[in-house]
There are 2 protein chains.
Amino acid sequence: MSEYRAPLKDMEFILNNVLEVQNSKIPGYKDLDNEFLVSILKEAGKICSDVLFPLNHIGDSEGCVLENGVVRTPSGFKEAFNKIREDGWTTIDCDTEYGGQGLPYILGTAVGEMIASSNMAFGMYHGLTHGAYSAIHSHGTDQQKSEYLPKLVTCEWTGTMNLTEPHCGTDLGLMRTKAVPQGDGTFKITGQKIFISAGDHDLSENIIHLVLAKIPGGPEGVKGISMFIVPKILVNEDGTLGERNSLSVGKIEDKMGIHGNSTCVMNYDEATGFLIGAEHKGMRAMFTMMNEARLGVGLQGYSQAEVAFQNAATYSKERLQGKNLFGKTNKETPADPIIVHPDIRRSLMDQKSFVEGARAFTYWGAQLIDAASRSDDQSANGLISLLTPVIKGFLTDKGFEMTVQAQQIFGGHGYIEEWGMSQYVRDARIAMIYEGANGIQALDLVGRKLPQDNGKYILEFLGLISKFIKENKELDSGFQTEFLDPLSQAVSDLQSAGEYFLRSGQKNPLNVLAGSSDFMHLFGHVCLGFMWARMAKSALHCLSSDLDDAAFYETKLKTGRYYMKRHLPTTSLHLTRIKSGAECVMALEPEAF
Amino acid sequence: MSEYRAPLKDMEFILNNVLEVQNSKIPGYKDLDNEFLVSILKEAGKICSDVLFPLNHIGDSEGCVLENGVVRTPSGFKEAFNKIREDGWTTIDCDTEYGGQGLPYILGTAVGEMIASSNMAFGMYHGLTHGAYSAIHSHGTDQQKSEYLPKLVTCEWTGTMNLTEPHCGTDLGLMRTKAVPQGDGTFKITGQKIFISAGDHDLSENIIHLVLAKIPGGPEGVKGISMFIVPKILVNEDGTLGERNSLSVGKIEDKMGIHGNSTCVMNYDEATGFLIGAEHKGMRAMFTMMNEARLGVGLQGYSQAEVAFQNAATYSKERLQGKNLFGKTNKETPADPIIVHPDIRRSLMDQKSFVEGARAFTYWGAQLIDAASRSDDQSANGLISLLTPVIKGFLTDKGFEMTVQAQQIFGGHGYIEEWGMSQYVRDARIAMIYEGANGIQALDLVGRKLPQDNGKYILEFLGLISKFIKENKELDSGFQTEFLDPLSQAVSDLQSAGEYFLRSGQKNPLNVLAGSSDFMHLFGHVCLGFMWARMAKSALHCLSSDLDDAAFYETKLKTGRYYMKRHLPTTSLHLTRIKSGAECVMALEPEAF
């Protein structure tokens with residue numbers, strides 16, 4: 001009943017016309033010539049629509065099952081995982097030295113979007129493996145790299161991240177899992193970890209757990225955390241699989257969504273672990289992966305909105321209910337498709353304008369990650385670390401909201417599981433929580449990223465937009481009033497909020513913290529406004545040369561105008577809230593709740 | 001793990017101090033003396049906490065099961081239903097002539113809130129029965145009344161409403177179910193109805209289905225719809241149960257939430273039905289119940305936010321995570337409760353200020369319903385019909401949003417079903433959809449209620465607020481700046497929106513429709529702002545006399561100030577969106593989606 005079509009044209013437009021990957025100086029981007037790019041995206045889109053999407057509802061309704069200590073994934077997952085593995089979809093942006101294709105991260109991101117839209121729970125098995133790959137690639141010894149990376153690149157082995165414990169999630173300093181050195185370079189890991197995505201399953205022959213733990217006698221709190229490789233099955237010196245390690249699945253969590261992914265309680269009982277990176281530097285190793293991991297979660301947020309939107313749009317064109325009172329009506333049917341009703345159209349425009357803006361924002365983020373990692377561009381590195389909490393927090397909050405709006409278009413049918421809309425809502429919900437709950441993203445943004453290097457990166461960000469506004473003043477009179485003026489207004493709200501933080505934060509730092517979530521959303525709107533201005537500029541440019549696709553570019557402009565008129569002004573509300581300060585927020589004592 | 005405590009003091013404050021039920025001239029309100037009121041609320045609260053709430057999670061996880069054509073409700077539901085029936089909780093506001101207690105609807109509403117908070121799916125069995133009671137009470141013949149009402153009042157029999165068919169929900173004119181007259185005053189009903197809440201179950205000995213159907217040869221569309229009583233088991237002349245009627249359960253729907261309520265596909269196969277009200281006047285019969293039914297759904301929206309908030313508040317005081325950087329910290333624990341963090345506090349204040357405002361708004365609505373039905377107050381009748389779509393639409397949209405915020409406070413645990421927070425979100429979601437999806441509420445508001453009698457009721461509403469502002473100017477200087485000024489600003493936004501509709505709607509009615517949802521939300525904020533101003537006034541008054549409860553009234557004032565500062569200004573954003581008009585909303589052709 002439901003459907004997913006890869007939004008290839010929208011993706012190409014962003015990559016080719018807005019971000020102009022072919023003109024980029026980032027090493028490796030020259031590989032992304034149009035023909036190659038299109039063929040990759042098309043092929044990936046086909047697998048996502050034909051193979052992964054049909055398993056999405058099955059994954060949700062069957063879920064994962066723990067039987068005799070072993071986790072069974074939903075019907076068809078194993079075959080599909082073999083298929084994407086054999087076709088090389090897991091290797092795109094991995095290092096060629098370990099069997100990867102060495103292509104830019106931005107391409108992996110575009111493919112990742114389609115995988116997430118078509119089957120988010122399924123995509124996580126590979127996504128987490130990629131995280132483990134990155135950690136070992138950045139911090140592992142040469143021997144660890146050659147031992148684990150080739151298998152992780154191909155997903156013959158998969159990976160997990162073990163951070164959370166029952167009493168500690170956000171505050172990892174409270175961690176209790178212990179790693180006792182054995183004198184031979186190995187450690188014995190003991191403790192319980194919870195919420196371990198892909199913690200166990202039947203998709204791969206081995207699972208490489210990355211586990212955070214404390215070496216006794218080390219510093220207190222987060223400064224005493226180290227990271228360990230703890231394979232499910234130990235690896236012999238010749239690379240063959242050896243003994244089972246001393247770890248087990250405690251249970252599979254019964255979750256609101258992403259049922260197709262096995263979220264496990266993992267028990268480590270003197271399991272053999274291998275230190276990765278330096279002792280007590282586990283948090284640093286975590287943080288180096290964080291931009292990518294959080295961008296990946298932001299992507300999940302809008303990818304669920306994308307597939308939910310596609311289905312809502314189709315439904316609204318098919319479902320006949322009520323006559324079109326003030327426009328074209330079909331005289332042969334007793335009712336018109338609900339898309340004729342302005343409130344339905346308003347909702348579809350909300351979704352469409354969000355998703356397309358979010359995609360552009362995320363791909364731009366991926367481009368910055370490529371610039372930082374491939375050409376050691378410090379400015380790109382600073383900028384992406386500033387934008388990461390916004391990508392994660394804003395895109396998952398709004399992405400969830402948009403899945404709810406898409407579900408609403410189905411009326412009562414939206415509430416029935418068979419129609420599939422409930423799943424998008426339930427799956428999207430987790431993205432607001434994991435990889436740092438959105439409140440933590442907001443805190444990271446105002447507490448760490450904003451003041452970083454004396455505000456250097458926020459100033460660079462503002463400078464980028466000012467430059468864009470200045471350079472494009474003469475472009476077109478409509479462009480000025482419809483795009484640049486509202487963007488300037490939103491930027492001015494962002495600056496006012498920043499100035500308020502500087503001024504009132506000195507008096508009372510709570511004034512900054514109380515406004516953190518509003519600031520993250522204000523920032524997010526500015527970013528989407530900026531992306532829409534950039535997309536509109538590109539669309540205008542294309543319109544002047546590519547008449548065949550005029551309708552596509554006109555649609556872009558109209559969608560952008562909608563965002564600028566109806567959503568960007570939200571910055572003003574966030575500014576009002578921020579300026580109301582901490583007093584009213586903190587007025588009650590905890591006992592009053 | 002989770003909990004529900006009836007918010008008795010908050011309820012009493014609204015009933016006694018804000019709405020001053022004891023001073024009301026509405027017939028029957030004199031029964032509501034303080035001692036009686038408190039004892040009823042307390043007793044109901046106890047049953048809700050002790051009996052209904054413990055079944056809430058069970059209902060969600062077991063769901064209803066269809067076996068051999070018969071629906072089995074979750075464990076414990078039958079015993080609990082017997083309990084509330086035997087204790088008379090179903091009879092509160094029913095007519096004494098048929099075994100009811102004849103008490104005001106406002107009291108039934110307060111009790112209904114506690115039932116909905118503690119177990120929404122369970123409460124629907126009684127709620128729908130009450131709807132069927134009201135329909136027969138208003139439109140049935142004397143014989144029908146004496147035949148059905150006594151059993152519906154006691155819930156020995158329960159009721160359902162059968163409107164929706166697979167191809168028609170909102171647009172009932174498309175209905176296909178037929179009612180063929182048999183010449184003996186009875187009809188044969190044939191057709192399929194879907195989404196029938198409490199369609200079948202094992203809680204009562206009979207089920208009285210109210211079914212909308214078309215008598216062949218009648219007018220087209222909604223003007224040809226009639227309403228029928230179609231009992232599951234036909235009733236003999238002496239009142240005993242006779243033959244089974246020709247109707248059956250097609251299936252139980254697999255829903256996102258309210259699993260404890262059996263949502264059925266009902267098949268009528270020449271089932272015997274009895275006309276209720278006049279032929280072809282079924283819609284009118286439906287509409288007379290609509291204010292009550294929609295207020296009941298608005299109540300569900302905030303009642304889920306209430307119970308979710310209670311649990312979030314408790315969790316935030318227990319969960320230790322992160323140190324309080326700028327305030328009191330507990331030196332003996334490695335972390336402080338998360339309630340110390342400003343963003344958590346912000347979220348709790350969002351929830352608290354919404355729920356308390358929503359409760360006051362709903363009880364005020366119930367008071368207007370009492371005034372209209374008990375004293376034929378035309379002005380109250382007009383006002384409640386204006387406010388009904390706002391109560392339903394705004395309170396369910398925001399109520400859902402607040403359950404999501406409450407769930408967020410639990411971090412990863414919020415996503416795990418065992419903790420119960422997911423259920424509040426999933427259950428609350430339906431309230432935005434059924435009893436007229438919220439887009440329909442917005443349409444009803446701007447298309448029907450606003451222009452009704454030349455805008456008489458919106459002018460009365462605005463007059464009420466102006467009068468309040470004028471009368472209380474001298475109350476207290478803080479009250480003026482903290483409550484009256486923001487309220488005036490919000491009212492002025494509401495007026496501007498109304499004027500925009502008048503002006504631009506004449507040019508193009510789409511300008512009104514495209515702004516309908518924003519208008520409903522703008523209106524909702526004004527109502528909550530008005531309620532908070534009234535609550536603040538009462539709190540100030542109480543503070544001057546009742547020193548024992550000073551902390552309670554101070555908390556009210558602080559919570560109100562938060563709403564006025566942080567939420568009421570949302571009116572300005574809605575006004576901006578409304579004024580952006582229909583052009584950007586309708587810019588794309590349907591094919592562009």
# chains A, B, ... in the order shown; residues from 1 in each chain; ligands from 1
$ residues_around --residues "region 11-27 of chain B" --least-positions-apart "2" --cutoff "7 Å" --atoms "only C-alpha atoms" --output "list in words"
Pro7, Leu8, Lys9, Tyr29, Lys30, Leu32, Asp33, Ala360, Trp364, Ala371, Arg374, Ser375, Arg534, Met535 and Ser538 of chain B
$ write_last_selection --atoms "N, CA, C and O atoms" --output "compact mmCIF listing (two decimals), in the first residue's frame"
# COMPACT_ATOMS: atom_id res chain seq x y z
N PRO B 7 -5.14 15.07 40.32
CA PRO B 7 -4.74 16.43 40.69
C PRO B 7 -5.88 17.18 41.37
O PRO B 7 -6.39 18.18 40.86
N LEU B 8 -6.29 16.68 42.53
CA LEU B 8 -7.51 17.15 43.19
C LEU B 8 -7.47 18.64 43.51
O LEU B 8 -8.44 19.36 43.28
N LYS B 9 -6.35 19.08 44.03
CA LYS B 9 -6.28 20.48 44.45
C LYS B 9 -6.40 21.42 43.25
O LYS B 9 -7.06 22.46 43.33
N TYR B 29 -26.25 23.67 40.04
CA TYR B 29 -24.92 23.97 40.56
C TYR B 29 -24.92 24.14 42.07
O TYR B 29 -23.89 24.00 42.72
N LYS B 30 -26.09 24.43 42.62
CA LYS B 30 -26.15 24.55 44.08
C LYS B 30 -25.84 23.22 44.77
O LYS B 30 -25.42 23.18 45.91
N LEU B 32 -23.41 21.48 44.10
CA LEU B 32 -21.95 21.30 44.13
C LEU B 32 -21.31 22.05 45.29
O LEU B 32 -20.36 22.81 45.10
N ASP B 33 -21.81 21.84 46.48
CA ASP B 33 -21.14 22.52 47.60
C ASP B 33 -19.79 21.87 47.81
O ASP B 33 -19.54 20.75 47.37
N ALA B 360 -8.53 24.29 32.89
CA ALA B 360 -9.43 25.41 33.18
C ALA B 360 -10.32 25.69 31.97
O ALA B 360 -11.53 25.92 32.09
N TRP B 364 -14.34 25.25 31.91
CA TRP B 364 -15.16 26.42 31.52
C TRP B 364 -16.12 26.02 30.40
O TRP B 364 -17.31 26.35 30.41
N ALA B 371 -24.76 25.57 31.23
CA ALA B 371 -25.58 26.78 31.14
C ALA B 371 -26.54 26.67 29.96
O ALA B 371 -27.72 27.02 30.05
N ARG B 374 -29.02 23.48 30.78
CA ARG B 374 -29.83 23.52 32.00
C ARG B 374 -30.65 24.79 32.15
O ARG B 374 -31.59 24.84 32.92
N SER B 375 -30.23 25.86 31.43
CA SER B 375 -31.00 27.10 31.60
C SER B 375 -31.29 27.75 30.26
O SER B 375 -31.64 28.91 30.20
N ARG B 534 -7.39 34.56 34.49
CA ARG B 534 -8.44 34.32 35.48
C ARG B 534 -7.90 33.52 36.66
O ARG B 534 -8.22 33.81 37.82
N MET B 535 -7.06 32.53 36.38
CA MET B 535 -6.48 31.75 37.49
C MET B 535 -5.58 32.61 38.35
O MET B 535 -5.57 32.50 39.58
N SER B 538 -7.64 34.74 40.63
CA SER B 538 -8.15 33.96 41.76
C SER B 538 -7.03 33.64 42.75
O SER B 538 -7.24 33.67 43.96
$ residues_around --residues "Met114 (chain A)" --least-positions-apart "2" --cutoff "7 Å" --atoms "only C-alpha atoms" --output "number ranges by chain"
A: 6, 45, 48, 110-112, 116-118
$ write_last_selection --atoms "C-alpha atoms" --output "PDB file, in the first residue's frame"
ATOM      1  CA  ALA A   6      14.181   7.693  -4.311  1.00  0.00           C
ATOM      2  CA  GLY A  45      17.566   4.037  -5.142  1.00  0.00           C
ATOM      3  CA  CYS A  48      16.143   0.747  -1.598  1.00  0.00           C
ATOM      4  CA  ALA A 110      23.078  10.526  -0.144  1.00  0.00           C
ATOM      5  CA  VAL A 111      22.942   6.739  -0.368  1.00  0.00           C
ATOM      6  CA  GLY A 112      22.456   6.608   3.406  1.00  0.00           C
ATOM      7  CA  ALA A 116      17.139   5.309   6.014  1.00  0.00           C
ATOM      8  CA  SER A 117      13.969   6.381   4.190  1.00  0.00           C
ATOM      9  CA  SER A 118      13.287   2.915   2.890  1.00  0.00           C
TER      10      SER A 118
END
$ select_by_dssp --residues "region 56-178 of chain B" --states "helix (DSSP H, G or I)" --output "compact mmCIF listing (two decimals) with N, CA and C atoms, in the first residue's frame"
# COMPACT_ATOMS: atom_id res chain seq x y z
N ASN B 56 -3.73 0.16 32.83
CA ASN B 56 -3.46 0.92 31.62
C ASN B 56 -2.38 0.26 30.76
N HIS B 57 -1.29 -0.10 31.37
CA HIS B 57 -0.20 -0.74 30.63
C HIS B 57 -0.60 -2.15 30.19
N ILE B 58 -1.34 -2.83 31.03
CA ILE B 58 -1.83 -4.18 30.68
C ILE B 58 -2.71 -4.10 29.42
N GLY B 59 -3.60 -3.12 29.43
CA GLY B 59 -4.48 -2.93 28.26
C GLY B 59 -3.68 -2.69 27.00
N ASP B 60 -2.60 -1.91 27.14
CA ASP B 60 -1.77 -1.60 25.98
C ASP B 60 -1.03 -2.84 25.49
N SER B 61 -0.49 -3.61 26.41
CA SER B 61 0.35 -4.72 25.95
C SER B 61 -0.48 -5.94 25.54
N GLU B 62 -1.60 -6.19 26.21
CA GLU B 62 -2.44 -7.34 25.80
C GLU B 62 -3.33 -7.00 24.62
N PHE B 77 -10.13 -5.84 32.82
CA PHE B 77 -11.05 -4.80 32.35
C PHE B 77 -12.49 -5.08 32.81
N LYS B 78 -12.89 -6.34 32.74
CA LYS B 78 -14.27 -6.67 33.08
C LYS B 78 -14.54 -6.37 34.56
N GLU B 79 -13.64 -6.79 35.41
CA GLU B 79 -13.81 -6.57 36.85
C GLU B 79 -13.84 -5.06 37.15
N ALA B 80 -12.95 -4.32 36.49
CA ALA B 80 -12.89 -2.88 36.73
C ALA B 80 -14.16 -2.20 36.22
N PHE B 81 -14.65 -2.68 35.09
CA PHE B 81 -15.87 -2.08 34.53
C PHE B 81 -17.06 -2.35 35.47
N ASN B 82 -17.12 -3.56 35.99
CA ASN B 82 -18.17 -3.88 36.97
C ASN B 82 -18.06 -2.95 38.18
N LYS B 83 -16.85 -2.72 38.60
CA LYS B 83 -16.62 -1.88 39.78
C LYS B 83 -17.12 -0.46 39.55
N ILE B 84 -16.72 0.16 38.43
CA ILE B 84 -17.17 1.55 38.24
C ILE B 84 -18.67 1.62 37.99
N ARG B 85 -19.20 0.55 37.42
CA ARG B 85 -20.64 0.49 37.18
C ARG B 85 -21.38 0.36 38.52
N GLU B 86 -20.92 -0.56 39.35
CA GLU B 86 -21.59 -0.79 40.63
C GLU B 86 -21.48 0.42 41.55
N THR B 96 -32.23 11.82 36.05
CA THR B 96 -32.73 11.03 37.19
C THR B 96 -33.91 10.14 36.77
N GLU B 97 -34.64 10.57 35.75
CA GLU B 97 -35.78 9.77 35.30
C GLU B 97 -35.36 8.38 34.82
N TYR B 98 -34.10 8.27 34.40
CA TYR B 98 -33.64 6.98 33.88
C TYR B 98 -32.54 6.38 34.76
N TYR B 105 -22.95 18.46 34.26
CA TYR B 105 -21.99 17.89 33.32
C TYR B 105 -20.56 18.24 33.72
N ILE B 106 -20.38 19.39 34.33
CA ILE B 106 -19.03 19.81 34.73
C ILE B 106 -18.42 18.82 35.71
N LEU B 107 -19.25 18.23 36.55
CA LEU B 107 -18.73 17.25 37.50
C LEU B 107 -18.34 15.96 36.78
N GLY B 108 -19.19 15.57 35.84
CA GLY B 108 -18.85 14.40 35.02
C GLY B 108 -17.56 14.63 34.25
N THR B 109 -17.33 15.88 33.85
CA THR B 109 -16.12 16.21 33.10
C THR B 109 -14.87 16.06 33.96
N ALA B 110 -14.96 16.54 35.20
CA ALA B 110 -13.81 16.43 36.09
C ALA B 110 -13.50 14.97 36.39
N VAL B 111 -14.54 14.19 36.63
CA VAL B 111 -14.34 12.75 36.86
C VAL B 111 -13.79 12.11 35.57
N GLY B 112 -14.35 12.53 34.45
CA GLY B 112 -13.92 11.99 33.15
C GLY B 112 -12.44 12.25 32.89
N GLU B 113 -11.95 13.40 33.33
CA GLU B 113 -10.52 13.68 33.15
C GLU B 113 -9.68 12.64 33.87
N MET B 114 -10.07 12.32 35.09
CA MET B 114 -9.26 11.36 35.87
C MET B 114 -9.32 9.97 35.24
N ILE B 115 -10.49 9.62 34.74
CA ILE B 115 -10.61 8.31 34.07
C ILE B 115 -9.71 8.29 32.83
N ALA B 116 -9.75 9.38 32.06
CA ALA B 116 -8.95 9.42 30.82
C ALA B 116 -7.46 9.42 31.13
N SER B 117 -7.05 10.16 32.17
CA SER B 117 -5.63 10.17 32.52
C SER B 117 -5.17 8.79 32.97
N SER B 118 -6.01 8.12 33.72
CA SER B 118 -5.56 6.86 34.30
C SER B 118 -5.67 5.71 33.31
N ASN B 119 -6.62 5.79 32.39
CA ASN B 119 -6.77 4.70 31.43
C ASN B 119 -7.70 5.12 30.30
N MET B 120 -7.13 5.77 29.32
CA MET B 120 -7.92 6.36 28.25
C MET B 120 -8.72 5.31 27.47
N ALA B 121 -8.08 4.20 27.14
CA ALA B 121 -8.75 3.17 26.34
C ALA B 121 -9.93 2.58 27.10
N PHE B 122 -9.75 2.39 28.39
CA PHE B 122 -10.82 1.87 29.23
C PHE B 122 -11.98 2.86 29.30
N GLY B 123 -11.65 4.12 29.51
CA GLY B 123 -12.68 5.15 29.68
C GLY B 123 -13.59 5.28 28.47
N MET B 124 -13.08 4.89 27.31
CA MET B 124 -13.88 5.04 26.09
C MET B 124 -15.12 4.15 26.08
N TYR B 125 -15.07 3.01 26.76
CA TYR B 125 -16.26 2.13 26.79
C TYR B 125 -17.42 2.89 27.42
N HIS B 126 -17.15 3.57 28.50
CA HIS B 126 -18.20 4.36 29.13
C HIS B 126 -18.48 5.64 28.35
N GLY B 127 -17.43 6.27 27.84
CA GLY B 127 -17.61 7.52 27.11
C GLY B 127 -18.53 7.38 25.92
N LEU B 128 -18.34 6.31 25.16
CA LEU B 128 -19.20 6.10 23.99
C LEU B 128 -20.62 5.75 24.39
N THR B 129 -20.73 5.05 25.51
CA THR B 129 -22.07 4.72 26.01
C THR B 129 -22.81 6.01 26.37
N HIS B 130 -22.07 6.93 26.98
CA HIS B 130 -22.66 8.21 27.34
C HIS B 130 -23.11 8.96 26.08
N GLY B 131 -22.34 8.85 25.02
CA GLY B 131 -22.72 9.47 23.75
C GLY B 131 -24.03 8.89 23.22
N ALA B 132 -24.14 7.56 23.28
CA ALA B 132 -25.36 6.90 22.80
C ALA B 132 -26.55 7.30 23.69
N TYR B 133 -26.28 7.37 25.00
CA TYR B 133 -27.30 7.83 25.94
C TYR B 133 -27.81 9.21 25.53
N SER B 134 -26.88 10.13 25.27
CA SER B 134 -27.27 11.51 24.93
C SER B 134 -28.09 11.56 23.65
N ALA B 135 -27.69 10.76 22.66
CA ALA B 135 -28.41 10.78 21.38
C ALA B 135 -29.84 10.30 21.57
N ILE B 136 -29.99 9.20 22.29
CA ILE B 136 -31.35 8.66 22.48
C ILE B 136 -32.15 9.59 23.39
N HIS B 137 -31.47 10.14 24.39
CA HIS B 137 -32.14 11.06 25.31
C HIS B 137 -32.66 12.28 24.56
N SER B 138 -31.90 12.78 23.63
CA SER B 138 -32.31 13.99 22.90
C SER B 138 -33.31 13.70 21.77
N HIS B 139 -33.16 12.54 21.13
CA HIS B 139 -33.93 12.34 19.89
C HIS B 139 -34.83 11.12 19.90
N ASP B 142 -40.36 8.30 23.56
CA ASP B 142 -40.47 7.93 24.98
C ASP B 142 -40.25 6.44 25.17
N GLN B 143 -40.79 5.69 24.20
CA GLN B 143 -40.63 4.24 24.33
C GLN B 143 -39.16 3.83 24.21
N GLN B 144 -38.47 4.45 23.24
CA GLN B 144 -37.04 4.14 23.07
C GLN B 144 -36.28 4.54 24.33
N LYS B 145 -36.64 5.68 24.87
CA LYS B 145 -35.93 6.13 26.07
C LYS B 145 -36.10 5.13 27.21
N SER B 146 -37.33 4.70 27.42
CA SER B 146 -37.51 3.81 28.56
C SER B 146 -36.95 2.43 28.27
N GLU B 147 -36.86 2.09 27.01
CA GLU B 147 -36.32 0.78 26.66
C GLU B 147 -34.79 0.73 26.84
N TYR B 148 -34.12 1.81 26.41
CA TYR B 148 -32.65 1.75 26.36
C TYR B 148 -31.94 2.55 27.46
N LEU B 149 -32.49 3.68 27.84
CA LEU B 149 -31.70 4.57 28.70
C LEU B 149 -31.32 3.98 30.06
N PRO B 150 -32.24 3.34 30.77
CA PRO B 150 -31.83 2.85 32.10
C PRO B 150 -30.61 1.93 32.02
N LYS B 151 -30.58 1.09 31.00
CA LYS B 151 -29.45 0.15 30.89
C LYS B 151 -28.17 0.86 30.43
N LEU B 152 -28.33 1.91 29.62
CA LEU B 152 -27.13 2.66 29.18
C LEU B 152 -26.58 3.51 30.33
N VAL B 153 -27.48 4.04 31.14
CA VAL B 153 -27.04 4.86 32.28
C VAL B 153 -26.16 4.02 33.21
N LEU B 172 -19.38 12.53 5.09
CA LEU B 172 -20.37 11.49 5.34
C LEU B 172 -21.42 11.40 4.23
N GLY B 173 -21.47 12.42 3.40
CA GLY B 173 -22.41 12.38 2.28
C GLY B 173 -22.16 11.20 1.34
N LEU B 174 -20.95 10.67 1.38
CA LEU B 174 -20.59 9.56 0.48
C LEU B 174 -21.05 8.19 1.01
$ atom_distance --atom1 "CA of Arg359 (chain B)" --atom2 "CA of Gln304 (chain B)"
11.7 Å
$ residues_around --residues "Asp427 (chain A)" --least-positions-apart "2" --cutoff "8 Å" --atoms "only C-alpha atoms" --output "list of chain:residue names"
A:Met120, A:Ala121, A:Met256, A:Gly257, A:Ile258, A:Gln304, A:Gln423, A:Tyr424, A:Val425, A:Arg429, A:Ile430, A:Ala431
$ interface_residues --of "chain B" --to "chain A" --cutoff "6 Å" --atoms "only C-alpha atoms" --output "PyMOL selection string"
chain B and resi 171+254-256+321-322+342-343+346+411+415-417+433+513-514+562+566+577+584-585
$ atom_distance --atom1 "CA of Tyr457 (chain B)" --atom2 "CA of Ala380 (chain B)"
9.1 Å
$ atom_distance --atom1 "CA of Phe400 (chain B)" --atom2 "CA of Gly301 (chain B)"
6.4 Å
$ closest_atom_pairs --of "region 245-267 of chain A" --to "region 204-219 of chain A" --cutoff "12 Å" --atoms "only C-alpha atoms" --output "tab-separated table"
residue	atom	partner	partner_atom	distance
A:Asn245	CA	A:Ile207	CA	10.7
A:Leu247	CA	A:His209	CA	10.1
A:Ser248	CA	A:His209	CA	11.6
A:Met266	CA	A:His209	CA	10.0
A:Asn267	CA	A:Val211	CA	11.2
$ closest_residue --among "A:Leu450, A:Leu386, A:Ala305, A:Met227" --to "Glu499 (chain A)" --atoms "only C-alpha atoms"
A:Leu450
$ residues_around --residues "Gly69 (chain B)" --least-positions-apart "3" --cutoff "9 Å" --atoms "only C-alpha atoms" --output "VMD selection string"
chain B and resid 66 248 to 251
$ write_last_selection --atoms "N, CA, C and O atoms" --output "mmCIF file, in the first residue's frame"
data_model
loop_
_atom_site.group_PDB
_atom_site.id
_atom_site.type_symbol
_atom_site.label_atom_id
_atom_site.label_comp_id
_atom_site.auth_asym_id
_atom_site.auth_seq_id
_atom_site.Cartn_x
_atom_site.Cartn_y
_atom_site.Cartn_z
ATOM 1 N N LEU B 66 -9.932 -10.893 19.047
ATOM 2 C CA LEU B 66 -11.159 -11.419 18.437
ATOM 3 C C LEU B 66 -11.019 -12.930 18.306
ATOM 4 O O LEU B 66 -10.125 -13.416 17.609
ATOM 5 N N SER B 248 -22.010 -8.428 12.711
ATOM 6 C CA SER B 248 -20.840 -9.160 13.187
ATOM 7 C C SER B 248 -19.588 -8.294 13.117
ATOM 8 O O SER B 248 -19.560 -7.268 12.433
ATOM 9 N N VAL B 249 -18.586 -8.729 13.837
ATOM 10 C CA VAL B 249 -17.300 -8.032 13.835
ATOM 11 C C VAL B 249 -16.465 -8.572 12.684
ATOM 12 O O VAL B 249 -16.204 -9.774 12.620
ATOM 13 N N GLY B 250 -16.049 -7.708 11.771
ATOM 14 C CA GLY B 250 -15.196 -8.138 10.661
ATOM 15 C C GLY B 250 -13.779 -8.395 11.130
ATOM 16 O O GLY B 250 -13.185 -9.424 10.845
ATOM 17 N N LYS B 251 -13.257 -7.454 11.879
ATOM 18 C CA LYS B 251 -11.930 -7.646 12.480
ATOM 19 C C LYS B 251 -11.684 -6.559 13.518
ATOM 20 O O LYS B 251 -12.429 -5.577 13.580
#
$ residues_around --residues "Ile465 (chain A)" --least-positions-apart "6" --cutoff "9 Å" --atoms "only C-alpha atoms" --output "ChimeraX atom specification"
/A:487-488,491,530
$ write_last_selection --atoms "N, CA, C and O atoms" --output "mmCIF file, in the first residue's frame"
data_model
loop_
_atom_site.group_PDB
_atom_site.id
_atom_site.type_symbol
_atom_site.label_atom_id
_atom_site.label_comp_id
_atom_site.auth_asym_id
_atom_site.auth_seq_id
_atom_site.Cartn_x
_atom_site.Cartn_y
_atom_site.Cartn_z
ATOM 1 N N LEU A 487 15.745 36.247 4.945
ATOM 2 C CA LEU A 487 16.961 35.630 5.494
ATOM 3 C C LEU A 487 17.693 36.630 6.381
ATOM 4 O O LEU A 487 18.152 36.288 7.480
ATOM 5 N N SER A 488 17.785 37.876 5.916
ATOM 6 C CA SER A 488 18.452 38.901 6.732
ATOM 7 C C SER A 488 17.746 39.072 8.070
ATOM 8 O O SER A 488 18.388 39.214 9.118
ATOM 9 N N VAL A 491 18.591 36.143 10.293
ATOM 10 C CA VAL A 491 19.969 36.250 10.783
ATOM 11 C C VAL A 491 20.052 37.307 11.874
ATOM 12 O O VAL A 491 20.751 37.136 12.882
ATOM 13 N N PHE A 530 18.866 29.734 4.801
ATOM 14 C CA PHE A 530 20.077 29.913 3.988
ATOM 15 C C PHE A 530 20.100 28.898 2.850
ATOM 16 O O PHE A 530 20.361 29.222 1.688
#
